[in-house]
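Undergrad: Sharing a structure with you now.
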Amino acid sequence: MATWKVAPALAAGCTAVLKPSELASLTCLELGAICEEVGLPSGVLNIITGLGPDAGAPIASHPHVDKIAFTGSTATGKTIMTAAAQMVKPVSLELGGKSPLVIFDDVADIDKAVEWAMFGCFFNSGQVCSATSRLLLHEKIAERFLDRLVEWAKNIKISDPLEEGCRLGSVISKGQYEKIKKFISTARSEGATILHGGDRPKHLGKGFFIEPTIITDVSTSMQIWREEVFGPVICVKVFKTESEAVELANDTHYGLAGGVISDDLERCERIAKVIHSGIVWINCSQPTLVQAPWGGNKRSGFGRELGEWGLENYLSVKQVTRYCKDELYGWYQRPSKL
């Protein structure tokens, strides 16, 4: 994620200050070491580690910082916007998400759709801002789809990510682990059904591991439907019509991503146009192409990264006008010569 910002900033000729999450500092320090090895001049890329209030906040409000690009929570994004506004400096924000994946009853290959539904929410242990964590299923295939989804989820290898074949590792910290567990318990207390998962894997006594979790019987007022979990937890609702699916898909304050799976490509294109998000996947979920713009709408932020759009974040358009004629402009009357 750091390279999404550092690379275009440097390419645009900017010096940069990188403040990583306190949980990811080592990775970014490695990036700094690589830049030093390849000969990047001292002071061009500066890495400051620490907690947000101590390290991030002073950067956001510093008068010599001309532009802020941030990836993180919506709450922190609001704080950064407030600080930047005092200096009237531009910001680009890539914030939270609660993205929908809509699957219609005309899909011929259920397992193919199931795998994309899983990858869309369980990849990277669900710690993906664009995770399609709201699964919308057409009523004609819902029961069969969920049966297969549970079978596939049971087959996921949960282990140390360094083990061969691992497809689900731990979440990043104890705090995140407890937060995810709280989301699951709240969903249960609000009346949802934990169809699969929701606990620590029995074979893993240590570490912040959570089983891939599938939650059904969800209402649109529930916390699990409305708030970003940032973990391997997917909630499911059933729809009858295309218009109902679109309404449910857009029933969120977020607008980062969304997806639709159908064998009817005209339908896919219709859905892609009306989902209120910056990114839409057709017959897949999560592929990220460095050539394509990445960013969201609504409370998922604004601005785009990657491709030429990412470079534009660090450029400022300047008008330079030159007068080329030899004669006077002629707006004012020339005084008479003495």
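Residue numbering restarts at 1 in every chain; chains get A, B, ... in the order shown in the structure tokens, and ligands count up from 1 in that same order.
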If we count only C-alpha atoms and set the cut-off at 12 Å, which residues sit around His196 of chain A, ignoring sequence neighbours fewer than 2 positions away in its own chain? Please answer as an NGL selection string.

TA: :A and (146-154 or 184 or 192-194 or 198-201 or 210-216 or 232-236)

Undergrad: Give me, as a PyMOL selection string, all polymer residues having an atom no more than 8 Å from segment 99-103 of chain A, counting only C-alpha atoms and skipping those fewer than 6 positions away in the same chain.

TA: chain A and resi 113+117+130-138+245+249+254-262+285

Undergrad: Just write the chosen residues, N, CA and C atoms, as a PDB file, in the first residue's frame.

TA:
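Written output follows (selection_22.pdb):
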```
ATOM      1  N   ALA A 113     -18.608 -19.245  -8.815  1.00  0.00           N
ATOM      2  CA  ALA A 113     -19.122 -18.074  -8.104  1.00  0.00           C
ATOM      3  C   ALA A 113     -18.810 -18.164  -6.614  1.00  0.00           C
ATOM      4  N   ALA A 117     -16.783 -15.500  -4.252  1.00  0.00           N
ATOM      5  CA  ALA A 117     -17.382 -14.964  -3.025  1.00  0.00           C
ATOM      6  C   ALA A 117     -16.433 -15.126  -1.843  1.00  0.00           C
ATOM      7  N   SER A 130     -11.602  -3.201   0.406  1.00  0.00           N
ATOM      8  CA  SER A 130     -12.587  -3.399  -0.666  1.00  0.00           C
ATOM      9  C   SER A 130     -13.313  -4.736  -0.559  1.00  0.00           C
ATOM     10  N   ALA A 131     -13.112  -5.479   0.536  1.00  0.00           N
ATOM     11  CA  ALA A 131     -13.709  -6.815   0.681  1.00  0.00           C
ATOM     12  C   ALA A 131     -15.208  -6.786   0.388  1.00  0.00           C
ATOM     13  N   THR A 132     -15.658  -7.709  -0.448  1.00  0.00           N
ATOM     14  CA  THR A 132     -17.093  -7.815  -0.741  1.00  0.00           C
ATOM     15  C   THR A 132     -17.742  -8.653   0.364  1.00  0.00           C
ATOM     16  N   SER A 133     -17.933  -7.997   1.493  1.00  0.00           N
ATOM     17  CA  SER A 133     -18.380  -8.680   2.712  1.00  0.00           C
ATOM     18  C   SER A 133     -19.894  -8.746   2.857  1.00  0.00           C
ATOM     19  N   ARG A 134     -20.616  -8.139   1.908  1.00  0.00           N
ATOM     20  CA  ARG A 134     -22.078  -8.283   1.882  1.00  0.00           C
ATOM     21  C   ARG A 134     -22.439  -9.104   0.644  1.00  0.00           C
ATOM     22  N   LEU A 135     -22.850 -10.331   0.865  1.00  0.00           N
ATOM     23  CA  LEU A 135     -23.153 -11.262  -0.216  1.00  0.00           C
ATOM     24  C   LEU A 135     -24.658 -11.272  -0.462  1.00  0.00           C
ATOM     25  N   LEU A 136     -25.066 -10.902  -1.682  1.00  0.00           N
ATOM     26  CA  LEU A 136     -26.474 -10.854  -2.054  1.00  0.00           C
ATOM     27  C   LEU A 136     -26.771 -11.982  -3.032  1.00  0.00           C
ATOM     28  N   LEU A 137     -27.644 -12.888  -2.643  1.00  0.00           N
ATOM     29  CA  LEU A 137     -27.936 -14.084  -3.436  1.00  0.00           C
ATOM     30  C   LEU A 137     -29.371 -14.078  -3.924  1.00  0.00           C
ATOM     31  N   HIS A 138     -29.561 -14.429  -5.197  1.00  0.00           N
ATOM     32  CA  HIS A 138     -30.921 -14.587  -5.705  1.00  0.00           C
ATOM     33  C   HIS A 138     -31.587 -15.761  -4.991  1.00  0.00           C
ATOM     34  N   ALA A 245     -31.978  -6.086  -5.661  1.00  0.00           N
ATOM     35  CA  ALA A 245     -30.544  -6.329  -5.493  1.00  0.00           C
ATOM     36  C   ALA A 245     -29.770  -5.017  -5.529  1.00  0.00           C
ATOM     37  N   ALA A 249     -27.595  -3.430  -2.567  1.00  0.00           N
ATOM     38  CA  ALA A 249     -26.171  -3.176  -2.830  1.00  0.00           C
ATOM     39  C   ALA A 249     -25.788  -1.756  -2.438  1.00  0.00           C
ATOM     40  N   TYR A 254     -20.870   3.513   2.583  1.00  0.00           N
ATOM     41  CA  TYR A 254     -19.600   3.356   1.880  1.00  0.00           C
ATOM     42  C   TYR A 254     -19.813   3.253   0.375  1.00  0.00           C
ATOM     43  N   GLY A 255     -18.711   3.377  -0.371  1.00  0.00           N
ATOM     44  CA  GLY A 255     -18.818   3.285  -1.824  1.00  0.00           C
ATOM     45  C   GLY A 255     -17.476   2.989  -2.466  1.00  0.00           C
ATOM     46  N   LEU A 256     -16.730   2.050  -1.876  1.00  0.00           N
ATOM     47  CA  LEU A 256     -15.420   1.744  -2.446  1.00  0.00           C
ATOM     48  C   LEU A 256     -15.532   0.793  -3.631  1.00  0.00           C
ATOM     49  N   ALA A 257     -16.192  -0.349  -3.429  1.00  0.00           N
ATOM     50  CA  ALA A 257     -16.204  -1.366  -4.485  1.00  0.00           C
ATOM     51  C   ALA A 257     -17.531  -2.116  -4.475  1.00  0.00           C
ATOM     52  N   GLY A 258     -17.681  -2.962  -5.461  1.00  0.00           N
ATOM     53  CA  GLY A 258     -18.851  -3.827  -5.558  1.00  0.00           C
ATOM     54  C   GLY A 258     -18.630  -4.806  -6.688  1.00  0.00           C
ATOM     55  N   GLY A 259     -19.442  -5.846  -6.720  1.00  0.00           N
ATOM     56  CA  GLY A 259     -19.290  -6.844  -7.771  1.00  0.00           C
ATOM     57  C   GLY A 259     -20.613  -7.468  -8.146  1.00  0.00           C
ATOM     58  N   VAL A 260     -20.675  -8.006  -9.348  1.00  0.00           N
ATOM     59  CA  VAL A 260     -21.857  -8.707  -9.823  1.00  0.00           C
ATOM     60  C   VAL A 260     -21.411  -9.942 -10.584  1.00  0.00           C
ATOM     61  N   ILE A 261     -22.091 -11.059 -10.326  1.00  0.00           N
ATOM     62  CA  ILE A 261     -21.798 -12.317 -11.018  1.00  0.00           C
ATOM     63  C   ILE A 261     -23.073 -12.805 -11.685  1.00  0.00           C
ATOM     64  N   SER A 262     -23.011 -12.921 -13.002  1.00  0.00           N
ATOM     65  CA  SER A 262     -24.154 -13.361 -13.796  1.00  0.00           C
ATOM     66  C   SER A 262     -23.642 -13.804 -15.159  1.00  0.00           C
ATOM     67  N   SER A 285     -14.085 -10.890  -8.015  1.00  0.00           N
ATOM     68  CA  SER A 285     -14.009  -9.957  -6.896  1.00  0.00           C
ATOM     69  C   SER A 285     -12.557  -9.803  -6.470  1.00  0.00           C
TER      70      SER A 285
END
```

Undergrad: Just asking: which residues within segment 30-250 of chain A are strand (DSSP E or B) according to DSSP, as a PyMOL selection string?

TA: chain A and resi 45-47+68-71+91-94+100-103+134-138+158+168+193-196+213-216+233-239

Undergrad: Given the choices A:Ser21, A:Ser300, A:Asn313, A:Asn283, which gets closest to Cys268 of chain A if the distance is worked out from only C-alpha atoms?

TA: A:Asn283

Undergrad: Using only C-alpha atoms, determine which residues lie at most 9 Å from Phe209 of chain A, disregarding the query and same-chain residues fewer than 3 positions distant; provide the list as an NGL selection string.

TA: :A and (125 or 158-159 or 168-171 or 177 or 199-201 or 204-206)

Undergrad: Restricting the calculation to only C-alpha atoms: of A:Gly165, A:Pro335, A:Gly96, A:Gly231, which residue gets closest to Gly295 of chain A?

TA: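 Closest candidate: A:Gly96.
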
Undergrad: Grab the atom CA of Thr288 of chain A to atom CA of Asn124 of chain A distance for me, in Å with one decimal place.

TA: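 Computing the Euclidean distance for atom CA of Thr288 of chain A and atom CA of Asn124 of chain A yields 13.8 Å.
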
Undergrad: Would you list the contacts of Ala69 of chain A as a list in words, taking every protein, DNA or RNA residue within 8 Å and counting only C-alpha atoms, but skipping same-chain residues closer than 5 positions in sequence?

TA: Lys5, Val91, Ser92 and Leu93 of chain A

Undergrad: Keeping N, CA and C atoms for every residue in the selection just given, could you write it to a file as a compact mmCIF listing (two decimals), in the first residue's frame?

TA:
```txt
# COMPACT_ATOMS: atom_id res chain seq x y z
N LYS A 5 1.50 5.04 -3.02
CA LYS A 5 1.64 6.48 -2.80
C LYS A 5 3.06 6.96 -3.06
N VAL A 91 -6.19 16.79 -0.09
CA VAL A 91 -6.06 15.44 0.44
C VAL A 91 -6.70 14.46 -0.53
N SER A 92 -6.23 13.22 -0.51
CA SER A 92 -6.92 12.11 -1.18
C SER A 92 -7.05 11.00 -0.15
N LEU A 93 -8.24 10.42 -0.07
CA LEU A 93 -8.55 9.48 1.00
C LEU A 93 -9.08 8.17 0.44
```

Undergrad: Rounded to one decimal in Å, what is the spacing between atom CA of Leu26 of chain A and atom CA of Ile48 of chain A?

TA: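 Answer for the atom CA of Leu26 of chain A to atom CA of Ile48 of chain A separation: 11.3 Å.
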
Undergrad: Name the residues of segment 149-243 of chain A that fall into alpha helix (DSSP H) according to DSSP on the backbone, using the chain letters and numbers of this document, as a list in words.

TA: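 Of segment 149-243 of chain A, the ones in alpha helix (DSSP H) are Leu149, Val150, Glu151, Trp152, Ala153, Lys154, Lys174, Gly175, Gln176, Tyr177, Glu178, Lys179, Ile180, Lys181, Lys182, Phe183, Ile184, Ser185, Thr186, Ala187, Arg188, Ser189, Gln223, Ile224, Trp225, Arg226, Glu242 and Ser243 of chain A.
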
Undergrad: Could you tell me how far atom CA of Thr252 of chain A sits from atom CA of Ser219 of chain A, in Å to one decimal place?

TA: 12.8 Å

Undergrad: Please provide as a PyMOL selection string all residues within 6 Å of Glu139 of chain A, with the sequence filter that same-chain residues fewer than 3 positions apart are discarded (counting only C-alpha atoms).

TA: chain A and resi 142+238-240

Undergrad: List as a count of residues only the protein and nucleic acid residues near Ala12 of chain A, meaning an atom at most 10 Å away when only C-alpha atoms are counted, but skip any in the same chain fewer than 5 places from it.

TA: 8

Undergrad: Quick one: everything within 7 Å of Asn46 of chain A, counting only C-alpha atoms, minus sequence neighbours fewer than 6 positions away in the same chain. Send it as an MDAnalysis selection string.

TA: chainID A and resid 16:18

Undergrad: So, counting only C-alpha atoms, which residue among A:Leu289, A:Ala24, A:Val246, A:Val320 is closest to Ile271 of chain A?

TA: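 Answer, going by the shortest atom-to-atom distance: A:Val246.
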
Undergrad: So, counting only C-alpha atoms, which residue among A:Gln333, A:Asn250, A:Thr15, A:Ser173 is closest to Lys298 of chain A?

TA: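 The answer is A:Asn250, which sits nearest to Lys298 of chain A.
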